[in-house]
Amino acid sequence: MLLCVPKMRTFAADMKENKALIAHLSMFGACAGWGLMAPVGKDAMTHGFDGITMVTFRVVGACVLFLIASLWAPKEHVPRRDKLMFSGAALFGLLLNQCCYTLGLSITSPINASIVTTSMPIFAMLLAALILKEPITGKKALGVLMGCSGALMLILTSAAHADGKVGDIRGDLLCLFAQFSFALYLSLFNPLIRRYNVFTVNKYMFLWATLILLPFTFGHVKGVVLGEPIPARTWWEVAYVVGVGTFLCYILTMIGQRTLRPTVVSVYNYVQPIVSVGASLLMGIGVLKPTHAIAVVLVFSGVWLVTKSKSRRDMELAKSKK
């Protein structure tokens, strides 16, 4: 009997390691999938699709996939009040976020769009300070300053070149607002999205987003789809954006977030621009300038400082131990 105890401990340790490995691989896969989505989506929007058509396919397509997946997911009771609140979550977390990002990507370079994406934790920190009363430490303030400097450098570079491969200030600003919208969604609807599993949350959010978006875009999308023939390659790229870049990546993120700490999860955000830059250069739809490299260092360093700084909960725990 005593000989079984070490074996049980070894088995438990192996299970814990396997669970952590799966979580790390899931987060890497999700962020790599999002990073590849920028150049793939950009290429699709230069060969048959436009920004409005792409975002409509992304929202409606993911809605259908999550509705199907929810048939096998654990059933949860959602009160009418929460169902209505999901409409607000859909507005900030999906419509404004995905519309602005997709339209911005259609104008600017995929490299700029992916670098701007890493600014989301900085917006989240600022909004958490305003809405959730999280303290702003010295590290956070320095991180925000560095991140804003990097974003400003990108925007000024885009304004100077106005080139689709280098960047466009309009697209950069739209992508930047998309990150602000998603950070606002996290701050306002955090209790709601933590109350239910990922399939329930996304089912209602994508359903609301579809009901709001489709009446405004259906006529335009119909004209694009039934107009000039769209290459098969473009359809495969759209399928990737919907099936992998939206549906699968959301599920992989859920698997990672269940095991890993938020600070570890946020570090994987750095994978996106690395994958996006590499794919964009290989596909010939992006140009890497020296200012891009400096902006990457500033934004990454700023996000790292923000995620490493202490939260209000950490400070309260430290005080209670004294």
# chains A, B, ... in the order shown; residues from 1 in each chain; ligands from 1

call {"tool": "residues_around", "arguments": {"residues": "A:Leu184", "least_positions_apart": "2", "cutoff": "9 Å", "atoms": "only C-alpha atoms", "output": "list of chain:residue names"}}
result
A:Phe92, A:Gly93, A:Phe123, A:Ala124, A:Leu127, A:Ala128, A:Gln179, A:Phe180, A:Ser181, A:Phe182, A:Leu186, A:Ser187, A:Leu188, A:Phe189

call {"tool": "residues_around", "arguments": {"residues": "A:Gln98", "least_positions_apart": "6", "cutoff": "9 Å", "atoms": "only C-alpha atoms", "output": "list in words"}}
result
Val55, Arg58, Val59 and Ala178 of chain A

call {"tool": "closest_residue", "arguments": {"among": "A:Gly219, A:Tyr196, A:Val116, A:Ala69", "to": "A:Thr53", "atoms": "only C-alpha atoms"}}
result
A:Gly219

call {"tool": "closest_residue", "arguments": {"among": "A:Trp34, A:Phe66, A:Trp72, A:Tyr101", "to": "A:Phe177", "atoms": "only C-alpha atoms"}}
result
A:Tyr101
